[in-house]
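Next comes structure_0.txt, a file with compact mmCIF, C-alpha atoms.
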# COMPACT_ATOMS: atom_id res chain seq x y z
CA MET L 1 -139.03 54.91 -32.91
CA ARG L 2 -138.13 52.10 -30.56
CA SER L 3 -141.80 51.32 -29.83
CA ASN L 4 -142.59 51.10 -33.55
CA ILE L 5 -139.87 48.45 -34.02
CA VAL L 6 -141.23 46.36 -31.15
CA LEU L 7 -144.76 46.58 -32.55
CA LEU L 8 -143.51 45.46 -35.98
CA LEU L 9 -141.78 42.39 -34.52
CA VAL L 10 -144.91 41.37 -32.61
CA LEU L 11 -146.99 41.56 -35.80
CA VAL L 12 -144.45 39.44 -37.72
CA PHE L 13 -144.39 36.68 -35.08
CA ASN L 14 -148.18 36.57 -34.83
CA TYR L 15 -148.45 36.17 -38.59
CA ALA L 16 -145.89 33.32 -38.60
CA ASP L 17 -147.75 31.44 -35.85
CA CYS L 18 -151.01 31.71 -37.72
CA VAL L 19 -149.49 30.35 -40.92
CA PHE L 20 -147.83 27.42 -39.12
CA PHE L 21 -150.89 26.24 -37.23
CA ASP L 22 -153.15 26.67 -40.25
CA ASN L 23 -150.93 24.33 -42.29
CA PHE L 24 -150.18 21.85 -39.44
CA THR L 25 -151.91 18.45 -39.65
CA PHE L 26 -151.89 15.38 -37.43
CA ASP L 27 -151.34 12.93 -40.28
CA HIS L 28 -148.05 11.79 -38.73
CA MET L 29 -149.82 10.71 -35.54
CA ILE L 30 -151.47 7.27 -35.48
CA PRO L 31 -154.36 6.72 -33.03
CA ILE L 32 -154.46 3.30 -31.32
CA ALA L 33 -157.25 1.41 -29.54
CA SER L 34 -156.24 2.53 -26.06
CA GLY L 35 -156.76 6.16 -27.00
CA LYS L 36 -153.05 6.97 -26.87
CA VAL L 37 -151.27 8.48 -29.81
CA GLN L 38 -148.38 6.48 -31.28
CA LEU L 39 -145.59 8.18 -33.24
CA TRP L 40 -145.32 7.08 -36.84
CA ASN L 41 -141.67 5.83 -36.49
CA GLU L 42 -142.28 3.42 -33.57
CA THR L 43 -142.14 -0.08 -35.04
CA ASP L 44 -143.02 -3.46 -33.57
CA GLN L 45 -139.33 -4.05 -32.99
CA ASP L 46 -139.03 -0.77 -31.07
CA LYS L 47 -141.96 -1.73 -28.88
CA LEU L 48 -140.51 -5.21 -28.31
CA LYS L 49 -137.11 -3.87 -27.32
CA LYS L 50 -138.73 -1.32 -25.00
CA ASP L 51 -140.80 -4.01 -23.30
CA LEU L 52 -137.86 -6.40 -22.95
CA PHE L 53 -135.26 -3.94 -21.69
CA VAL L 54 -137.35 -1.58 -19.59
CA ASN L 55 -136.06 -3.13 -16.33
CA TYR L 56 -133.29 -5.30 -17.76
CA ASP L 57 -130.03 -5.48 -15.77
CA ARG L 58 -127.19 -6.63 -17.98
CA PHE L 59 -124.95 -7.19 -14.96
CA SER L 60 -127.31 -9.68 -13.32
CA ARG L 61 -127.44 -13.36 -14.31
CA PRO L 62 -130.71 -13.82 -16.28
CA THR L 63 -132.33 -16.45 -14.05
CA GLU L 64 -133.13 -17.13 -10.43
CA HIS L 65 -130.13 -17.36 -8.13
CA PHE L 66 -130.79 -21.04 -7.40
CA ASN L 67 -130.87 -21.99 -11.10
CA THR L 68 -127.88 -22.78 -13.30
CA THR L 69 -127.15 -21.00 -16.56
CA LYS L 70 -125.62 -23.36 -19.11
CA VAL L 71 -123.30 -21.77 -21.64
CA ASN L 72 -122.24 -23.77 -24.69
CA PHE L 73 -118.90 -22.61 -25.99
CA GLY L 74 -116.82 -23.28 -29.11
CA VAL L 75 -113.81 -21.90 -30.99
CA SER L 76 -113.20 -21.47 -34.71
CA ILE L 77 -109.60 -20.51 -35.51
CA LEU L 78 -109.03 -18.29 -38.55
CA HIS L 79 -105.31 -17.56 -38.32
CA LEU L 80 -102.43 -17.98 -35.88
CA GLU L 81 -99.06 -16.33 -35.31
CA THR L 82 -96.21 -17.70 -33.18
CA ASP L 83 -93.44 -16.00 -31.24
CA GLU L 84 -90.93 -18.62 -30.07
CA ARG L 85 -88.80 -16.09 -28.20
CA ARG L 86 -91.74 -15.03 -26.01
CA SER L 87 -93.34 -18.50 -25.97
CA THR L 88 -96.68 -17.13 -27.16
CA VAL L 89 -99.23 -17.89 -29.87
CA THR L 90 -101.62 -15.21 -31.14
CA ILE L 91 -104.90 -16.52 -32.54
CA HIS L 92 -107.52 -14.80 -34.66
CA ALA L 93 -110.75 -16.66 -34.03
CA TRP L 94 -114.53 -16.65 -33.78
CA MET L 95 -115.87 -17.53 -30.34
CA ARG L 96 -119.26 -19.22 -30.47
CA MET L 97 -121.42 -18.83 -27.36
CA PHE L 98 -124.97 -20.00 -26.77
CA TRP L 99 -127.16 -19.68 -23.68
CA TYR L 100 -130.77 -18.99 -22.56
CA ASP L 101 -131.79 -15.63 -21.14
CA GLN L 102 -135.02 -16.07 -19.16
CA LYS L 103 -135.65 -12.30 -19.26
CA LEU L 104 -135.69 -12.07 -23.05
CA LYS L 105 -138.78 -14.05 -24.05
CA TRP L 106 -141.79 -12.90 -26.06
CA LYS L 107 -144.73 -14.13 -28.11
CA GLU L 108 -144.21 -13.58 -31.79
CA GLU L 109 -147.90 -12.86 -32.52
CA ASP L 110 -147.89 -9.93 -30.07
CA TYR L 111 -145.09 -8.14 -31.91
CA GLY L 112 -145.77 -8.52 -35.61
CA ASN L 113 -144.35 -12.09 -35.80
CA ILE L 114 -140.80 -10.97 -35.03
CA SER L 115 -138.75 -14.17 -34.83
CA VAL L 116 -135.29 -12.76 -34.01
CA LEU L 117 -133.74 -9.65 -32.50
CA ARG L 118 -130.24 -8.37 -33.22
CA ILE L 119 -128.96 -6.76 -30.04
CA ALA L 120 -125.62 -5.05 -29.44
CA ASP L 121 -123.38 -6.96 -27.07
CA HIS L 122 -123.19 -4.12 -24.54
CA GLU L 123 -126.97 -4.33 -24.00
CA LEU L 124 -126.98 -8.00 -22.99
CA TRP L 125 -125.81 -10.07 -20.09
CA HIS L 126 -122.76 -12.13 -21.03
CA PRO L 127 -120.99 -14.90 -19.14
CA ASP L 128 -117.74 -13.61 -17.65
CA LEU L 129 -115.53 -16.05 -19.56
CA TYR L 130 -111.79 -15.41 -19.46
CA LEU L 131 -108.77 -16.92 -21.15
CA TYR L 132 -106.94 -18.33 -18.12
CA ASN L 133 -103.54 -18.82 -19.77
CA SER L 134 -103.50 -15.47 -21.53
CA ALA L 135 -100.13 -13.81 -22.07
CA SER L 136 -101.59 -10.54 -20.71
CA GLY L 137 -102.76 -12.03 -17.42
CA GLY L 138 -106.31 -13.03 -18.34
CA GLU L 139 -108.35 -11.54 -21.18
CA PRO L 140 -112.14 -11.20 -21.15
CA LEU L 141 -113.75 -12.55 -24.30
CA LEU L 142 -115.52 -9.30 -25.20
CA ARG L 143 -112.47 -7.11 -25.03
CA PHE L 144 -111.91 -7.00 -28.79
CA GLY L 145 -115.18 -8.22 -30.34
CA LEU L 146 -117.84 -5.47 -30.53
CA SER L 147 -120.50 -7.41 -32.41
CA HIS L 148 -124.24 -8.02 -32.19
CA ALA L 149 -125.96 -11.09 -30.78
CA LEU L 150 -129.05 -12.92 -32.03
CA VAL L 151 -131.95 -13.26 -29.56
CA TYR L 152 -134.86 -15.63 -30.27
CA PRO L 153 -138.41 -15.67 -28.79
CA ASN L 154 -137.67 -18.62 -26.47
CA GLY L 155 -134.82 -16.69 -24.80
CA GLU L 156 -132.06 -18.33 -26.80
CA VAL L 157 -129.02 -16.08 -27.30
CA LEU L 158 -126.33 -16.75 -29.90
CA HIS L 159 -123.22 -14.61 -29.96
CA VAL L 160 -120.22 -15.13 -32.28
CA PRO L 161 -117.68 -12.36 -31.55
CA PRO L 162 -114.43 -12.16 -33.56
CA LEU L 163 -111.44 -12.06 -31.23
CA LYS L 164 -107.67 -11.73 -31.22
CA GLN L 165 -105.99 -13.27 -28.19
CA THR L 166 -102.44 -14.18 -27.20
CA VAL L 167 -101.92 -17.40 -25.28
CA LEU L 168 -98.87 -18.74 -23.47
CA CYS L 169 -97.39 -21.88 -24.99
CA GLU L 170 -94.24 -23.78 -24.02
CA PHE L 171 -92.24 -24.58 -27.14
CA ASP L 172 -90.08 -27.69 -27.46
CA LEU L 173 -87.53 -26.80 -30.14
CA ARG L 174 -85.25 -29.83 -29.89
CA ASN L 175 -86.34 -31.11 -33.31
CA TRP L 176 -86.38 -27.70 -35.02
CA PRO L 177 -87.23 -27.18 -37.89
CA PHE L 178 -89.10 -30.52 -37.90
CA ASP L 179 -90.81 -29.81 -34.57
CA THR L 180 -94.42 -30.24 -33.53
CA GLN L 181 -95.87 -28.04 -30.79
CA SER L 182 -98.89 -28.53 -28.54
CA CYS L 183 -100.74 -25.48 -27.15
CA GLU L 184 -103.87 -24.97 -25.06
CA LEU L 185 -106.69 -22.46 -24.79
CA LYS L 186 -108.23 -22.63 -21.32
CA TYR L 187 -111.49 -20.70 -20.79
CA GLY L 188 -113.62 -20.42 -17.70
CA SER L 189 -115.80 -18.14 -15.61
CA TRP L 190 -113.89 -15.77 -13.36
CA VAL L 191 -116.36 -15.43 -10.46
CA HIS L 192 -119.26 -17.84 -11.10
CA HIS L 193 -118.86 -21.41 -9.85
CA GLY L 194 -120.32 -24.51 -11.44
CA GLN L 195 -123.71 -24.19 -9.70
CA GLU L 196 -124.23 -20.80 -11.33
CA ILE L 197 -122.60 -21.19 -14.77
CA GLU L 198 -122.15 -24.61 -16.31
CA LEU L 199 -119.99 -24.83 -19.42
CA GLY L 200 -120.69 -27.12 -22.34
CA LEU L 201 -119.39 -27.72 -25.85
CA TYR L 202 -120.98 -25.90 -28.75
CA ASN L 203 -123.01 -28.44 -30.80
CA ASN L 204 -121.28 -31.13 -28.67
CA GLU L 205 -118.18 -30.80 -30.86
CA ALA L 206 -115.11 -31.93 -28.89
CA HIS L 207 -112.67 -30.19 -31.20
CA ILE L 208 -111.74 -26.80 -32.64
CA ASP L 209 -113.46 -25.79 -35.86
CA LEU L 210 -110.87 -25.35 -38.63
CA SER L 211 -113.23 -24.96 -41.57
CA ASP L 212 -112.43 -21.23 -41.86
CA LEU L 213 -108.69 -21.53 -41.18
CA LEU L 214 -106.53 -19.58 -43.59
CA LEU L 215 -103.56 -21.34 -45.14
CA HIS L 216 -100.38 -20.66 -43.20
CA ASN L 217 -96.91 -21.00 -44.68
CA SER L 218 -95.10 -21.72 -41.42
CA TRP L 219 -97.49 -23.93 -39.42
CA LYS L 220 -100.14 -26.54 -40.03
CA ILE L 221 -102.64 -27.59 -37.36
CA THR L 222 -102.66 -31.39 -37.35
CA ASP L 223 -104.96 -32.27 -34.45
CA THR L 224 -107.43 -30.58 -32.06
CA SER L 225 -109.44 -31.63 -29.03
CA ALA L 226 -111.70 -30.11 -26.38
CA ALA L 227 -112.42 -31.23 -22.83
CA ILE L 228 -114.52 -29.90 -19.93
CA ALA L 229 -113.14 -30.06 -16.40
CA SER L 230 -114.19 -28.84 -12.96
CA THR L 231 -111.61 -27.60 -10.48
CA LYS L 232 -111.82 -26.70 -6.79
CA TYR L 233 -109.62 -23.85 -5.67
CA VAL L 234 -108.31 -23.09 -2.19
CA CYS L 235 -110.39 -19.92 -1.93
CA CYS L 236 -113.80 -21.45 -2.53
CA PRO L 237 -115.60 -24.72 -1.68
CA GLU L 238 -117.50 -24.86 -4.98
CA ALA L 239 -116.08 -26.30 -8.19
CA TYR L 240 -115.44 -24.07 -11.20
CA TYR L 241 -115.92 -25.26 -14.77
CA ASP L 242 -113.38 -24.66 -17.50
CA ILE L 243 -113.01 -25.73 -21.14
CA LYS L 244 -109.60 -26.63 -22.46
CA PHE L 245 -109.05 -26.57 -26.23
CA THR L 246 -105.83 -28.28 -27.32
CA PHE L 247 -104.29 -28.01 -30.77
CA ARG L 248 -101.12 -29.52 -32.20
CA MET L 249 -99.30 -27.72 -34.97
CA ALA L 250 -96.42 -28.91 -37.14
CA ARG L 251 -93.85 -26.54 -38.57
CA ASN L 252 -93.29 -26.43 -42.31
CA PRO L 253 -89.55 -27.16 -42.78
CA ASN L 254 -89.41 -26.20 -46.46
CA PRO L 255 -88.37 -22.54 -45.89
CA TYR L 256 -85.36 -23.75 -43.87
CA SER L 257 -84.13 -26.43 -46.28
CA SER L 258 -81.91 -24.11 -48.30
CA VAL L 259 -80.86 -21.87 -45.41
CA VAL L 260 -80.03 -24.35 -42.66
CA ILE L 261 -80.28 -27.99 -43.78
CA ALA L 262 -78.17 -27.81 -46.95
CA PRO L 263 -75.31 -25.87 -45.24
CA SER L 264 -75.38 -28.40 -42.40
CA VAL L 265 -74.73 -31.27 -44.83
CA VAL L 266 -71.93 -29.36 -46.57
CA ASN L 267 -70.27 -28.42 -43.27
CA ALA L 268 -70.39 -32.03 -42.09
CA LEU L 269 -68.65 -33.22 -45.29
CA LEU L 270 -66.00 -30.50 -45.01
CA VAL L 271 -65.29 -31.38 -41.37
CA LEU L 272 -64.67 -34.99 -42.38
CA ALA L 273 -62.67 -33.97 -45.43
CA GLN L 274 -60.16 -31.91 -43.44
CA PHE L 275 -58.91 -35.06 -41.68
CA SER L 276 -57.91 -36.55 -45.05
CA LEU L 277 -55.52 -33.70 -45.78
CA PRO L 278 -51.84 -34.09 -44.68
CA ASN L 279 -50.67 -32.48 -41.46
CA GLY L 280 -48.98 -29.13 -41.87
CA SER L 281 -50.43 -28.44 -45.31
CA LYS L 282 -51.70 -24.98 -46.10
CA GLN L 283 -54.89 -26.41 -47.58
CA ARG L 284 -55.81 -27.98 -44.26
CA MET L 285 -55.09 -24.76 -42.37
CA TYR L 286 -57.22 -22.73 -44.77
CA LEU L 287 -60.06 -25.23 -44.63
CA ASN L 288 -60.06 -25.28 -40.81
CA GLY L 289 -60.09 -21.48 -40.67
CA PHE L 290 -62.97 -21.34 -43.13
CA LEU L 291 -64.94 -23.92 -41.14
CA LEU L 292 -64.33 -22.07 -37.88
CA LEU L 293 -65.69 -18.87 -39.39
CA ILE L 294 -68.78 -20.52 -40.89
CA LEU L 295 -69.66 -22.56 -37.79
CA ALA L 296 -69.21 -19.59 -35.46
CA SER L 297 -71.44 -17.45 -37.70
CA TYR L 298 -74.22 -20.03 -37.67
CA LEU L 299 -74.01 -20.37 -33.90
CA LEU L 300 -74.44 -16.61 -33.55
CA TYR L 301 -77.43 -16.79 -35.89
CA PHE L 302 -78.99 -19.54 -33.77
CA LEU L 303 -78.29 -17.52 -30.63
CA CYS L 304 -80.37 -14.65 -31.99
CA LEU L 305 -83.08 -17.06 -33.17
CA PHE L 306 -83.46 -19.23 -30.05
CA SER L 307 -82.26 -16.95 -27.26
CA GLY L 308 -84.14 -17.91 -24.08
CA THR L 309 -86.66 -20.21 -25.78
CA GLY L 310 -87.79 -23.79 -25.35
CA ARG L 311 -86.85 -26.51 -22.93
CA GLY L 312 -83.48 -27.31 -24.49
CA ALA L 313 -81.10 -26.48 -27.28
CA PRO L 314 -82.25 -27.70 -30.71
CA LEU L 315 -80.39 -30.69 -32.09
CA ILE L 316 -79.15 -28.69 -35.06
CA VAL L 317 -77.52 -26.19 -32.67
CA GLN L 318 -75.81 -29.08 -30.87
CA PHE L 319 -74.65 -30.40 -34.23
CA TYR L 320 -73.01 -27.08 -35.13
CA ALA L 321 -71.47 -26.84 -31.65
CA PHE L 322 -69.93 -30.33 -31.84
CA SER L 323 -68.75 -29.62 -35.39
CA LEU L 324 -66.98 -26.54 -34.04
CA TYR L 325 -65.36 -28.67 -31.30
CA THR L 326 -64.24 -31.21 -33.92
CA VAL L 327 -62.63 -28.55 -36.12
CA CYS L 328 -60.90 -27.02 -33.10
CA PHE L 329 -59.64 -30.46 -32.04
CA GLY L 330 -58.31 -31.11 -35.55
CA LEU L 331 -56.61 -27.73 -35.61
CA LEU L 332 -55.04 -28.23 -32.16
CA SER L 333 -53.86 -31.75 -32.98
CA GLU L 334 -52.26 -30.54 -36.18
CA THR L 335 -50.54 -27.71 -34.35
CA THR L 336 -49.32 -30.09 -31.62
CA VAL L 337 -47.87 -32.57 -34.10
CA THR L 338 -46.14 -29.77 -36.00
CA VAL L 339 -44.59 -28.33 -32.81
CA ILE L 340 -43.48 -31.77 -31.60
CA SER L 341 -41.88 -32.69 -34.94
CA ARG L 342 -39.86 -29.47 -34.92
CA SER L 343 -38.83 -29.63 -31.28
CA LYS L 344 -35.13 -30.03 -30.30
CA LYS L 345 -36.11 -32.33 -27.42
CA LEU L 346 -37.60 -34.95 -29.72
CA LYS L 347 -35.97 -37.89 -27.87
CA VAL L 348 -37.45 -36.82 -24.52
CA ILE L 349 -40.88 -36.32 -26.04
CA GLU L 350 -40.64 -39.69 -27.80
CA SER L 351 -39.86 -41.57 -24.60
CA THR L 352 -42.66 -39.76 -22.72
CA ALA L 353 -45.16 -40.50 -25.47
CA ARG L 354 -44.19 -44.20 -25.41
CA LYS L 355 -44.92 -44.36 -21.68
CA VAL L 356 -48.26 -42.55 -21.94
CA PHE L 357 -49.72 -44.03 -25.13
CA GLY L 358 -47.97 -47.39 -25.20
CA GLY L 359 -49.15 -50.60 -23.59
CA ILE L 360 -52.84 -50.62 -22.71
CA VAL L 361 -53.73 -47.57 -24.79
CA ALA L 362 -52.11 -49.10 -27.87
CA ARG L 363 -53.96 -52.39 -27.37
CA VAL L 364 -57.29 -50.56 -26.95
CA LEU L 365 -56.68 -48.65 -30.17
CA LEU L 366 -55.59 -51.87 -31.92
CA ILE L 367 -52.23 -50.43 -33.03
CA GLU L 368 -48.65 -51.56 -32.76
CA SER L 369 -47.10 -48.94 -30.53
CA ASP L 370 -43.48 -49.36 -31.71
CA VAL L 371 -44.30 -49.12 -35.40
CA CYS L 372 -46.67 -46.20 -34.81
CA PHE L 373 -44.21 -44.09 -32.85
CA ILE L 374 -41.31 -44.88 -35.21
CA GLN L 375 -43.37 -43.66 -38.17
CA LEU L 376 -44.56 -40.62 -36.23
CA PHE L 377 -41.16 -39.36 -35.11
CA GLU L 378 -39.41 -40.27 -38.36
CA ARG L 379 -41.85 -37.94 -40.09

Would you mind writing the file out in structure tokens?
Amino acid sequence: MRSNIVLLLVLVFNYADCVFFDNFTFDHMIPIASGKVQLWNETDQDKLKKDLFVNYDRFSRPTEHFNTTKVNFGVSILHLETDERRSTVTIHAWMRMFWYDQKLKWKEEDYGNISVLRIADHELWHPDLYLYNSASGGEPLLRFGLSHALVYPNGEVLHVPPLKQTVLCEFDLRNWPFDTQSCELKYGSWVHHGQEIELGLYNNEAHIDLSDLLLHNSWKITDTSAAIASTKYVCCPEAYYDIKFTFRMARNPNPYSSVVIAPSVVNALLVLAQFSLPNGSKQRMYLNGFLLLILASYLLYFLCLFSGTGRGAPLIVQFYAFSLYTVCFGLLSETTVTVISRSKKLKVIESTARKVFGGIVARVLLIESDVCFIQLFER
């Protein structure tokens, strides 16, 4: 029984093999002049990529060691976000890089007139450009942008990766909310000196491209510039190139006009108005208490807003602080006058006040000391 089953399986498999090979054709194989057989799905682009990358080392600079690779570099900012408390600016941008790869050259007529290749960034050599003043301690440019590059027959490589990077920026908030800040983006090679990688400006544009910048409600970029510098470090005798992009941005004060500016004007008028009220009146006491509460609340709000930021306290914070001092002084002076006028030792206090505030002090204040003190203590 068992032998009959084995014999049946052998007959079935033999029949299947015969049917398969009888129907099999070599139409999907394409003979070429060299006698080799080429698969139908191998295109000119596949052959070109295979020839270019067969011994390609993406970690090795694509030229002789004694030659210099020039990298043209540019920035196009799309959007920016600020964090005054951490002194950082986060930018969403396109980085434009252009260089020549001597290993990636071909003749168009040998490969079906292919004029451009689109290669993934992890297959190519890239300059090791870093953001020197990054908030995370130095960010490589390709950390976030996983995009393709364009390669041309003459070895020209164009790569425009989209990036998101956070840069350190020192904020000067003294004129808040009418302040203008200046920040920098400093890029350079991490290990290659100027004789190996030379940096240049993309299309010789000494500024940041803002043509694709999205409208921002809080900030407006007013001016940009770009400059190339070479620096010698203590570790190495060679000079290293870096590109510094500088942009100035002005804050939009409109969102703060109704929240901060208008209350500041009202508080200033109320502080002046409380001095016109008579001493000892309940209206003046109530007004001073109200002002103390409002000014202290705004100072706490500013403490949360500007805690540990900038190179100095904003002028508006100083204004609220001095307003608080003025209200406290008015409240203390009113209390002192009330206590003195109700004191049983009025004669002693009167004679002491004449000695302290009479004479030179009275002449400096342009008052007649006798008349002033008589009116004061008669009250």

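In this model, the gap between CA of Ile294 in chain L and CA of Ser323 in chain L comes to 10.6 Å.
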
One-decimal distance in Å that lies between CA of Leu215 in chain L and CA of Ser257 in chain L: 20.1 Å

Record the distance separating CA of Tyr256 in chain L and CA of Ile77 in chain L, expressed in Å with one decimal. 25.8 Å

With a distance cut-off of 12 Å and all atoms listed in the file, select the neighbouring residues of Cys235 in chain L, excluding the residue or stretch itself and same-chain residues fewer than 5 positions from it, and output the selection as a PyMOL selection string. chain L and resi 191+193+240

Range 179-183 of chain L surroundings by only C-alpha atoms, 9 Å radius, close-in-sequence under 2 positions cut, as a ChimeraX atom specification: /L:89,167-177,185,245-253

Take the selection from the previous step and output its residues with C-alpha atoms, as an mmCIF file, keeping the file's coordinate frame.
data_model
loop_
_atom_site.group_PDB
_atom_site.id
_atom_site.type_symbol
_atom_site.label_atom_id
_atom_site.label_comp_id
_atom_site.auth_asym_id
_atom_site.auth_seq_id
_atom_site.Cartn_x
_atom_site.Cartn_y
_atom_site.Cartn_z
ATOM 1 C CA VAL L 89 -99.230 -17.890 -29.870
ATOM 2 C CA VAL L 167 -101.920 -17.400 -25.280
ATOM 3 C CA LEU L 168 -98.870 -18.740 -23.470
ATOM 4 C CA CYS L 169 -97.390 -21.880 -24.990
ATOM 5 C CA GLU L 170 -94.240 -23.780 -24.020
ATOM 6 C CA PHE L 171 -92.240 -24.580 -27.140
ATOM 7 C CA ASP L 172 -90.080 -27.690 -27.460
ATOM 8 C CA LEU L 173 -87.530 -26.800 -30.140
ATOM 9 C CA ARG L 174 -85.250 -29.830 -29.890
ATOM 10 C CA ASN L 175 -86.340 -31.110 -33.310
ATOM 11 C CA TRP L 176 -86.380 -27.700 -35.020
ATOM 12 C CA PRO L 177 -87.230 -27.180 -37.890
ATOM 13 C CA LEU L 185 -106.690 -22.460 -24.790
ATOM 14 C CA PHE L 245 -109.050 -26.570 -26.230
ATOM 15 C CA THR L 246 -105.830 -28.280 -27.320
ATOM 16 C CA PHE L 247 -104.290 -28.010 -30.770
ATOM 17 C CA ARG L 248 -101.120 -29.520 -32.200
ATOM 18 C CA MET L 249 -99.300 -27.720 -34.970
ATOM 19 C CA ALA L 250 -96.420 -28.910 -37.140
ATOM 20 C CA ARG L 251 -93.850 -26.540 -38.570
ATOM 21 C CA ASN L 252 -93.290 -26.430 -42.310
ATOM 22 C CA PRO L 253 -89.550 -27.160 -42.780
#

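If all atoms listed in the file are the atoms counted, then among L:Leu305, L:Val151, L:Leu292, L:Val337 the closest residue to Lys105 in chain L is L:Val151.
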
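Closest approach to Ala206 in chain L among L:Val116, L:Leu269, L:Ile316, L:Ile243: L:Ile243, based on only C-alpha atoms.
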
Env of Gly74 in chain L: 12 Å cut, atoms = only C-alpha atoms, seq-sep filter 3 positions within chain, self excluded. Answer as a short mmCIF file (atom, residue, chain, number, x, y, z; two decimals) with C-alpha atoms, keeping the file's coordinate frame.
data_model
loop_
_atom_site.label_atom_id
_atom_site.label_comp_id
_atom_site.auth_asym_id
_atom_site.auth_seq_id
_atom_site.Cartn_x
_atom_site.Cartn_y
_atom_site.Cartn_z
CA VAL L 71 -123.30 -21.77 -21.64
CA ILE L 77 -109.60 -20.51 -35.51
CA ALA L 93 -110.75 -16.66 -34.03
CA TRP L 94 -114.53 -16.65 -33.78
CA MET L 95 -115.87 -17.53 -30.34
CA ARG L 96 -119.26 -19.22 -30.47
CA MET L 97 -121.42 -18.83 -27.36
CA PHE L 98 -124.97 -20.00 -26.77
CA LEU L 158 -126.33 -16.75 -29.90
CA HIS L 159 -123.22 -14.61 -29.96
CA VAL L 160 -120.22 -15.13 -32.28
CA PRO L 161 -117.68 -12.36 -31.55
CA LEU L 185 -106.69 -22.46 -24.79
CA LYS L 186 -108.23 -22.63 -21.32
CA TYR L 187 -111.49 -20.70 -20.79
CA LEU L 199 -119.99 -24.83 -19.42
CA GLY L 200 -120.69 -27.12 -22.34
CA LEU L 201 -119.39 -27.72 -25.85
CA TYR L 202 -120.98 -25.90 -28.75
CA ASN L 203 -123.01 -28.44 -30.80
CA ASN L 204 -121.28 -31.13 -28.67
CA GLU L 205 -118.18 -30.80 -30.86
CA ALA L 206 -115.11 -31.93 -28.89
CA HIS L 207 -112.67 -30.19 -31.20
CA ILE L 208 -111.74 -26.80 -32.64
CA ASP L 209 -113.46 -25.79 -35.86
CA LEU L 210 -110.87 -25.35 -38.63
CA SER L 225 -109.44 -31.63 -29.03
CA ALA L 226 -111.70 -30.11 -26.38
CA ALA L 227 -112.42 -31.23 -22.83
CA ILE L 228 -114.52 -29.90 -19.93
CA ILE L 243 -113.01 -25.73 -21.14
CA LYS L 244 -109.60 -26.63 -22.46
CA PHE L 245 -109.05 -26.57 -26.23
#

Which of these, L:Asn67, L:Asp242, L:Leu331, L:Ala321, has the shortest distance to Ser297 in chain L once you count only C-alpha atoms? L:Ala321

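Checking L:Tyr241, L:Trp106, L:Tyr233, L:Tyr152 one by one against His192 in chain L, counting all atoms listed in the file, you find the shortest gap at L:Tyr241.
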